[in-house]
Number of protein chains: 2
Amino acid sequence: MAINISDVAKHAGVSIATVSRIINNLDGYSQKTKERVQRAIEELGYEPSGLARGLASNKSGTIGVLLPCVTTRFSSTLLRGIERIAHSKGYSVIICNTDMNGERTMSYLRTLSEKRVEGILFISEWVTDEYGEYLAKLGIPVVLVATHTTKFPFPSVYTDDFQAAYDTTRYLIEKGHTRIGLISGDVKDRIAGKPRIDGYKKALDDAGLDWQENQIAYGDFHFESGIAAMAMLDARSLNLSAVFATSDEMALGALSYLHRRGMEVPNDLSIVCYDDTLDAVLTHPALTALHQPIEEMGECAMDLICRGVTEAQKLVLEHFIVERDSVRSLV
Amino acid sequence: MAINISDVAKHAGVSIATVSRIINNLDGYSQKTKERVQRAIEELGYEPSGLARGLASNKSGTIGVLLPCVTTRFSSTLLRGIERIAHSKGYSVIICNTDMNGERTMSYLRTLSEKRVEGILFISEWVTDEYGEYLAKLGIPVVLVATHTTKFPFPSVYTDDFQAAYDTTRYLIEKGHTRIGLISGDVKDRIAGKPRIDGYKKALDDAGLDWQENQIAYGDFHFESGIAAMAMLDARSLNLSAVFATSDEMALGALSYLHRRGMEVPNDLSIVCYDDTLDAVLTHPALTALHQPIEEMGECAMDLICRGVTEAQKLVLEHFIVERDSVRSLV
DNA sequence: TTGAAAGCGCTAACAG
DNA sequence: CTGTTAGCGCTTTCAA
């Protein structure tokens, strides 16, 4: 890319200011001039330098996305929504795979700051003080997705985890289940752990159902941990008729365990899961799932960024249950 | 970010040239100066502008990745490999979801060019003349991943699709299967379609096995198409004992269809698949699969980019079969 | 070991 | 409608 704006200006016999106006769709030139310049651009194969533009206008046209792990269906689905809106509004997106690692995350944050991104999407992770303070100081739009915080004034887009878990448990209860197990993330996880556990317990309580802490087995949202958790639950001989797994992958793990044990879903045990990514559909039986509008969350969040929103509003998106074939009705 | 290099220079009582040398780890300053400047940087919270640096040095520190669809496990796994290496070498990665759309792809290419990316990873798609010519003109490292071309001199990283399909089919034959179906991508797909079909046919021929074109059903590598393809195969009453699906997702579709039909894998029918992403593991029975080292492909490719390689070398990575529980031995 | 100064390629007043 | 010019915040000679 040797050719620059002044080459174009010379070639078209105008000043660089005019060329600039034209490539930026401002006004202040005749149709004739415009055509001449556009021809020059064509002929020379000119492509304006984003770096120079960014430096001069203080706009990089770039957005940063921080996520714990690109390879989960949840993240990649979100990413698709984000990327779609970003592209349609002329932004590029830089991805940062944090691996849930603090140092790595801070290093990404620094890089994004240096690259002068115009906004940051912070996904699925707890906003630590260190992150929050750094983000706040940046002075650019920051949107939290599938997470939220009261400590920092960032807008956030998520679903109501407590209510969703409540509704899912309630769904099982309405199907006649009374002995319901839970495969959950860590209680210390204040976003995707605790609230879902609380919702589950509350639904049980509200229905006047007895439950014990040992009906809950813990995992890390991933497949393997779902196997282990289901094995634990099984070993406890709780006589469960249904299990609620708070991620698709953990549900698949449970399914895999049950299959190996010769147990059938939903005849021997019903399963519901949380998220409803493609994972819930790919399996057999297909899983009845609490649907989070993941792609839409990404789109919403990116939209907020593009609109430069910085007020600490909370967009709580609707969840709903998608019935498939993994729950048996007992009524 | 109001503060810039000259603020730091002033604060430290040196020239901006010295500050520049220090933040770039060049030499030409005393230890004392260095410390003074570093303190100034700390105190002021200075972060150099990537835009300005990029403009001045003609290095954006950014790499572009074009892929057909972020949400497939294949793409996101590749992305993880790419991203890991990129971050370790100090590069940021911009993702571009092409949706296999020509206009969209060209638009991304233009954006990447304007952003002055230092390299481009082109994933899983056929390199059309339009793409190839544009990419070639950019004059930056371009690496093809999971695709290749002889028409343009780009290095590429992939596995030998023909041989892999041959080996997979051969594997089934060695397990005693003689009537083997194929669920494949389109024949017109010169990368992931035709070569795999050819490998399959060759293995059959070499083993002296009869086969007919109607043992092949076509899909688009995705789940739904796997269901449909398996249904077709089933409807043709071919008396198959095994089916080879050329993607994990299509195999899952087949599995799902069979399950609904009350057929058991591997007892009633054996299944093998191609790719071996997490999808092959998440299901039950877990799928015996032809493993492509996907993450490694991403790492290799990114490594080539970082090393600035531009010779048209071909890196053909090793594939191998991972045995799980979806193939029944007939011998 | 240091600094001055000329770009890098553009945007954005300002002047005409 | 158009051009001049002063930056934007760096890197990189070239001199000292």
# chains A, B, ... in the order shown; residues from 1 in each chain; ligands from 1

call {"tool": "residues_around", "arguments": {"residues": "B:Val65", "least_positions_apart": "6", "cutoff": "6 Å", "atoms": "only C-alpha atoms (C1' of nucleotides)", "output": "PyMOL selection string"}}
result
chain B and resi 95-96+120-121

call {"tool": "write_last_selection", "arguments": {"atoms": "C-alpha atoms", "output": "CSV table (one decimal), in the first residue's frame"}}
result
chain,number,residue,atom,x,y,z
B,95,ILE,CA,-12.3,-11.9,13.5
B,96,CYS,CA,-14.4,-11.8,10.3
B,120,ILE,CA,-4.4,-12.7,7.2
B,121,LEU,CA,-5.6,-16.2,8.0

call {"tool": "select_by_dssp", "arguments": {"residues": "stretch 15-154 of chain A", "states": "strand (DSSP E or B)", "output": "PyMOL selection string"}}
result
chain A and resi 62-67+92-97+120-123+142-145

call {"tool": "closest_residue", "arguments": {"among": "B:Gly61, B:Ser92, B:Asn97, B:Thr288", "to": "A:Arg80", "atoms": "only C-alpha atoms"}}
result
B:Asn97

call {"tool": "interface_residues", "arguments": {"of": "chain B", "to": "chain D", "cutoff": "9 Å", "atoms": "only C-alpha atoms (C1' of nucleotides)", "output": "PDB file with N, CA and C atoms, in the first residue's frame"}}
result
ATOM      1  N   ASN B   4       0.234  11.844  26.646  1.00  0.00           N
ATOM      2  CA  ASN B   4       1.014  11.287  25.544  1.00  0.00           C
ATOM      3  C   ASN B   4       2.520  11.288  25.795  1.00  0.00           C
ATOM      4  N   ILE B   5       3.227  10.915  24.784  1.00  0.00           N
ATOM      5  CA  ILE B   5       4.664  10.719  24.958  1.00  0.00           C
ATOM      6  C   ILE B   5       5.388  11.990  25.399  1.00  0.00           C
ATOM      7  N   SER B   6       4.918  13.128  24.939  1.00  0.00           N
ATOM      8  CA  SER B   6       5.654  14.339  25.312  1.00  0.00           C
ATOM      9  C   SER B   6       5.346  14.737  26.753  1.00  0.00           C
ATOM     10  N   ALA B  17      12.263  11.324  22.095  1.00  0.00           N
ATOM     11  CA  ALA B  17      13.032  10.271  21.438  1.00  0.00           C
ATOM     12  C   ALA B  17      13.497   9.252  22.472  1.00  0.00           C
ATOM     13  N   SER B  20      10.657   7.154  23.632  1.00  0.00           N
ATOM     14  CA  SER B  20      10.362   6.182  22.585  1.00  0.00           C
ATOM     15  C   SER B  20      11.326   5.007  22.643  1.00  0.00           C
ATOM     16  N   PRO B  48       1.107   4.107  25.453  1.00  0.00           N
ATOM     17  CA  PRO B  48       1.387   4.580  24.094  1.00  0.00           C
ATOM     18  C   PRO B  48       0.216   4.309  23.160  1.00  0.00           C
ATOM     19  N   SER B  49       0.000   5.161  22.216  1.00  0.00           N
ATOM     20  CA  SER B  49      -1.087   4.972  21.264  1.00  0.00           C
ATOM     21  C   SER B  49      -0.685   4.013  20.150  1.00  0.00           C
ATOM     22  N   GLY B  50      -1.414   2.924  20.094  1.00  0.00           N
ATOM     23  CA  GLY B  50      -1.137   1.942  19.045  1.00  0.00           C
ATOM     24  C   GLY B  50      -1.338   2.534  17.667  1.00  0.00           C
ATOM     25  N   LEU B  51      -2.271   3.450  17.572  1.00  0.00           N
ATOM     26  CA  LEU B  51      -2.540   4.058  16.274  1.00  0.00           C
ATOM     27  C   LEU B  51      -1.341   4.872  15.807  1.00  0.00           C
ATOM     28  N   ALA B  52      -0.843   5.690  16.697  1.00  0.00           N
ATOM     29  CA  ALA B  52       0.300   6.524  16.340  1.00  0.00           C
ATOM     30  C   ALA B  52       1.526   5.659  16.053  1.00  0.00           C
ATOM     31  N   ARG B  53       1.727   4.671  16.910  1.00  0.00           N
ATOM     32  CA  ARG B  53       2.854   3.772  16.695  1.00  0.00           C
ATOM     33  C   ARG B  53       2.737   3.084  15.353  1.00  0.00           C
ATOM     34  N   GLY B  54       1.536   2.615  15.095  1.00  0.00           N
ATOM     35  CA  GLY B  54       1.305   1.896  13.855  1.00  0.00           C
ATOM     36  C   GLY B  54       1.560   2.776  12.659  1.00  0.00           C
ATOM     37  N   LEU B  55       1.087   3.979  12.742  1.00  0.00           N
ATOM     38  CA  LEU B  55       1.253   4.911  11.631  1.00  0.00           C
ATOM     39  C   LEU B  55       2.736   5.192  11.393  1.00  0.00           C
ATOM     40  N   ALA B  56       3.433   5.447  12.473  1.00  0.00           N
ATOM     41  CA  ALA B  56       4.836   5.807  12.341  1.00  0.00           C
ATOM     42  C   ALA B  56       5.709   4.624  11.945  1.00  0.00           C
ATOM     43  N   SER B  57       5.384   3.470  12.443  1.00  0.00           N
ATOM     44  CA  SER B  57       6.271   2.331  12.213  1.00  0.00           C
ATOM     45  C   SER B  57       5.746   1.394  11.128  1.00  0.00           C
TER      46      SER B  57
END

call {"tool": "residues_around", "arguments": {"residues": "B:Ala229", "least_positions_apart": "5", "cutoff": "8 Å", "atoms": "only C-alpha atoms (C1' of nucleotides)", "output": "PyMOL selection string"}}
result
chain B and resi 183+217-219+254

call {"tool": "interface_residues", "arguments": {"of": "chain B", "to": "chain C", "cutoff": "12 Å", "atoms": "only C-alpha atoms (C1' of nucleotides)", "output": "list in words"}}
result
Ala9, Gly13, Val14, Ser15, Ile16, Ala17, Thr18, Val19, Arg21, Asp27, Gly28, Tyr29, Ser30, Gln31, Lys32, Thr33, Lys34, Leu51, Ala52, Arg53, Gly54, Leu55, Ala56, Ser57, Asn58, Lys59 and Glu114 of chain B

call {"tool": "closest_residue", "arguments": {"among": "A:Met263, A:Leu278, A:Leu330, A:Val70", "to": "chain B", "atoms": "only C-alpha atoms"}}
result
A:Val70
